[in-house]
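Peer 1: Please read through the structure below; I'll follow up with questions.
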Amino acid sequence: MATHPPLVLVHGLWDSPRLFHRLQQTLGDRRAPLLIPHLPHGLGSTPIPQLASQLGSHIEAAFGPDTPIDLLGFSMGGVIGRTWIQLLGGHRRTRRFISVGSPQRGTLTAQPWPRWLLASIADMKWGSPLLSQLNQNLDGLRDVECHSYYCSRDLMVLPGWQAVLPVGPREALPVRTHQQLMRHPAALEPLVAELLRP
């Protein structure tokens, strides 16, 4: 039986750990231990780097400073996870990083929002200072196995095909909406297969 490191699931904006209920049900006990921290985002007012720091604190409290992990981030959670990996030292302990429907290259839906009002949403604008910093130096992703999954028709991450990391394989999942990426069997099946891969 294959053994895996602990798995960390990171929710996105306007979500909570409940988002991953169906994924948890499908996985059963095949990916334990499992950490699904709650990262309060203040309805979008908390900057992503601050949320990434909170994520790091949760991971260290649960698994200590050195235990390798796998990390899956959904929507904004993927950008939070990537920020922790690239800017806060997470690359040193992350084996595999799975980005699902995450605006790694920005999203049109974030463009109208001012940073003073909704900082985390502004962090996801095309060409935002955060995304520019992440994309200018990919050293933190070099030794991490990265995978991107997205919805071509996504109206939250727009255009959907931009919801991919700059490195690693990418795959469009056969669902129609952003939320179905974490709910529909057609998305859960390939995600679980990836999570159970040695």
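In the structure tokens, chains take letters A, B, ... by order of appearance, with residues numbered from 1 within each chain and ligands from 1 in the order shown.
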Find the residues near Arg22 of chain A: any atom within 9 Å, counting only C-alpha atoms, skip ones fewer than 2 places away on the same chain, and give them as a CSV table (one decimal) with C-alpha atoms, in the first residue's frame.

Peer 2:
```csv
chain,number,residue,atom,x,y,z
A,18,ARG,CA,-16.7,22.6,4.4
A,19,LEU,CA,-15.9,23.2,0.7
A,20,PHE,CA,-13.9,20.0,0.7
A,24,GLN,CA,-13.0,14.1,1.9
A,25,GLN,CA,-15.9,11.6,1.4
A,26,THR,CA,-14.4,10.4,-1.8
A,27,LEU,CA,-10.9,10.0,-0.4
A,182,MET,CA,-14.9,20.6,-6.0
A,183,ARG,CA,-18.3,19.0,-6.2
A,184,HIS,CA,-18.9,17.2,-9.4
A,188,LEU,CA,-13.4,14.7,-8.1
```

Peer 1: Within 12 Å of Gln133 of chain A, counting only C-alpha atoms, which residues show up once you throw out same-chain ones fewer than 2 positions away? Write them as a PyMOL selection string, please.

Peer 2: chain A and resi 49+82-83+86-87+104-105+123+127-131+135-140

Peer 1: Each residue of segment 51-164 of chain A lying at most 10 Å from segment 29-47 of chain A should get a row with its shortest atom-to-atom pair and the distance in Å to one decimal, counting only C-alpha atoms; could you produce that, ordered by chain and increasing number, as a tab-separated table?

Peer 2:
```
residue	atom	partner	partner_atom	distance
A:Leu51	CA	A:Leu39	CA	6.4
A:Ala52	CA	A:Pro47	CA	8.9
A:Gln54	CA	A:Leu39	CA	7.0
A:Leu55	CA	A:Leu39	CA	7.2
A:Ser57	CA	A:Pro37	CA	9.9
A:His58	CA	A:Pro37	CA	6.7
A:Ile59	CA	A:Leu35	CA	7.7
A:Ala62	CA	A:Leu35	CA	7.6
A:Phe63	CA	A:Leu35	CA	9.3
A:Ile69	CA	A:Leu34	CA	9.8
A:Asp70	CA	A:Leu34	CA	9.8
A:Leu71	CA	A:Leu35	CA	9.5
A:Leu72	CA	A:Ile36	CA	9.9
A:Gly77	CA	A:Leu39	CA	9.2
A:Ile80	CA	A:Pro47	CA	9.5
A:Arg115	CA	A:Ser45	CA	8.2
A:Trp116	CA	A:Ser45	CA	8.0
A:Leu117	CA	A:Ser45	CA	6.2
A:Leu118	CA	A:Ser45	CA	4.2
A:Ala119	CA	A:Ser45	CA	4.9
A:Ser120	CA	A:Pro47	CA	4.4
A:Ile121	CA	A:Gly44	CA	5.8
A:Ala122	CA	A:Pro47	CA	8.5
A:Asp123	CA	A:Pro47	CA	7.1
A:Leu130	CA	A:Pro47	CA	9.8
```

Peer 1: Find the residue from A:Pro103, A:Ser75, A:Ile98, A:Gln111 that sits nearest to Glu171 of chain A; use only C-alpha atoms when measuring.

Peer 2: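 Smallest separation from Glu171 of chain A among the options: A:Ile98.
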
Peer 1: Give me the residues near Met156 of chain A as a compact mmCIF listing (two decimals) with N, CA and C atoms, in the first residue's frame, where near means some atom within 12 Å (using only C-alpha atoms) and where sequence neighbours in that chain fewer than 3 positions away do not count.

Peer 2:
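Once everything was written out, this is part-v5.txt:
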```
# COMPACT_ATOMS: atom_id res chain seq x y z
N GLY A 12 -10.73 28.70 -0.67
CA GLY A 12 -10.61 30.00 -1.31
C GLY A 12 -11.50 31.06 -0.69
N LEU A 13 -11.68 32.12 -1.44
CA LEU A 13 -12.46 33.27 -1.01
C LEU A 13 -13.93 32.89 -0.84
N PHE A 74 -7.64 25.36 -3.71
CA PHE A 74 -8.76 25.64 -4.62
C PHE A 74 -8.98 27.14 -4.72
N SER A 75 -9.14 27.64 -5.95
CA SER A 75 -9.45 29.04 -6.20
C SER A 75 -8.38 29.92 -5.56
N MET A 76 -8.76 30.92 -4.77
CA MET A 76 -7.77 31.77 -4.13
C MET A 76 -6.84 30.95 -3.23
N GLY A 101 -8.47 25.45 -10.23
CA GLY A 101 -9.28 26.64 -10.50
C GLY A 101 -8.73 27.89 -9.84
N SER A 102 -7.41 28.03 -9.79
CA SER A 102 -6.78 29.15 -9.09
C SER A 102 -6.28 30.19 -10.07
N PRO A 103 -6.54 31.47 -9.81
CA PRO A 103 -6.13 32.54 -10.73
C PRO A 103 -4.63 32.83 -10.65
N GLY A 106 -3.94 35.66 -12.71
CA GLY A 106 -4.90 36.75 -12.53
C GLY A 106 -6.26 36.41 -13.12
N THR A 107 -7.24 37.25 -12.83
CA THR A 107 -8.59 37.05 -13.34
C THR A 107 -9.27 38.38 -13.61
N LEU A 108 -10.00 38.43 -14.68
CA LEU A 108 -10.74 39.64 -15.05
C LEU A 108 -11.71 40.07 -13.96
N THR A 109 -12.26 39.11 -13.23
CA THR A 109 -13.26 39.44 -12.21
C THR A 109 -12.67 40.24 -11.05
N ALA A 110 -11.35 40.23 -10.90
CA ALA A 110 -10.71 41.00 -9.82
C ALA A 110 -10.40 42.42 -10.22
N GLN A 111 -10.42 42.73 -11.50
CA GLN A 111 -9.93 44.01 -11.99
C GLN A 111 -10.61 45.24 -11.38
N ILE A 121 -8.60 40.27 -3.09
CA ILE A 121 -9.12 40.24 -4.46
C ILE A 121 -8.19 41.03 -5.37
N MET A 124 -5.28 39.35 -6.87
CA MET A 124 -5.53 38.43 -7.97
C MET A 124 -5.80 39.14 -9.30
N TYR A 150 -8.24 23.00 -14.18
CA TYR A 150 -9.07 24.19 -14.38
C TYR A 150 -10.34 23.85 -15.12
N CYS A 151 -11.26 24.79 -15.12
CA CYS A 151 -12.54 24.69 -15.83
C CYS A 151 -12.52 25.71 -16.97
N SER A 152 -12.63 25.25 -18.20
CA SER A 152 -12.53 26.14 -19.35
C SER A 152 -13.61 27.22 -19.35
N ARG A 153 -14.78 26.91 -18.80
CA ARG A 153 -15.91 27.84 -18.81
C ARG A 153 -16.04 28.63 -17.51
N PRO A 159 -10.15 34.55 -18.06
CA PRO A 159 -10.62 33.32 -18.70
C PRO A 159 -10.13 32.08 -17.97
N GLY A 160 -10.93 31.01 -18.03
CA GLY A 160 -10.65 29.80 -17.26
C GLY A 160 -9.30 29.18 -17.57
N TRP A 161 -8.87 29.26 -18.81
CA TRP A 161 -7.61 28.61 -19.18
C TRP A 161 -6.38 29.32 -18.59
N GLN A 162 -6.60 30.49 -17.97
CA GLN A 162 -5.50 31.19 -17.29
C GLN A 162 -5.30 30.68 -15.86
N ALA A 163 -6.15 29.78 -15.42
CA ALA A 163 -6.07 29.29 -14.03
C ALA A 163 -5.06 28.16 -13.92
N ARG A 176 -18.78 22.51 -15.73
CA ARG A 176 -19.28 23.75 -16.32
C ARG A 176 -19.04 24.99 -15.46
N THR A 177 -18.84 24.82 -14.17
CA THR A 177 -18.73 25.98 -13.28
C THR A 177 -17.55 25.84 -12.33
N HIS A 178 -17.18 26.96 -11.75
CA HIS A 178 -16.08 27.03 -10.79
C HIS A 178 -16.32 26.11 -9.60
N GLN A 179 -17.49 26.18 -8.99
CA GLN A 179 -17.77 25.38 -7.80
C GLN A 179 -17.82 23.89 -8.09
N GLN A 180 -18.18 23.52 -9.32
CA GLN A 180 -18.22 22.10 -9.66
C GLN A 180 -16.83 21.46 -9.64
N LEU A 181 -15.78 22.27 -9.67
CA LEU A 181 -14.43 21.72 -9.57
C LEU A 181 -14.21 20.98 -8.27
```

Peer 1: Do you know which residues are at most 9 Å from Thr67 of chain A counting only C-alpha atoms, after dropping those on the same chain fewer than 2 positions away, and could you put them as a VMD selection string?

Peer 2: chain A and resid 5 to 6 60 63 to 65 69 93 to 94

Peer 1: What gap, in Å, lies between atom CA of Gly28 of chain A and atom CA of Leu173 of chain A?

Peer 2: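 Atom CA of Leu173 of chain A lies 21.8 Å from atom CA of Gly28 of chain A.
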
Peer 1: Using DSSP secondary structure from the backbone, list all strand (DSSP E) positions within segment 19-198 of chain A, as a PyMOL selection string.

Peer 2: chain A and resi 34-35+69-74+94-100+145-150+170-172

Peer 1: Return the single residue from A:Gly73, A:Pro174, A:Gly90, A:Gly168 that is closest to Asp15 of chain A, with distances computed using only C-alpha atoms.

Peer 2: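 Of the candidates, the smallest distance to Asp15 of chain A is held by A:Gly73.
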
Peer 1: From segment 34-162 of chain A, collect each residue whose DSSP state is alpha helix (DSSP H) and return the set as a VMD selection string.

Peer 2: chain A and resid 48 to 63 76 to 87 119 to 122 129 to 136

Peer 1: Which residue is closest to Val10 of chain A? Choose from A:Ile85, A:Pro68, A:Ser53, A:Val79 and count only C-alpha atoms.

Peer 2: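 Of all the options, A:Val79 lies closest to Val10 of chain A.
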
Peer 1: Tell me, in Å to one decimal, how far atom CA of Leu155 of chain A is from atom CA of Trp113 of chain A.

Peer 2: 16.3 Å
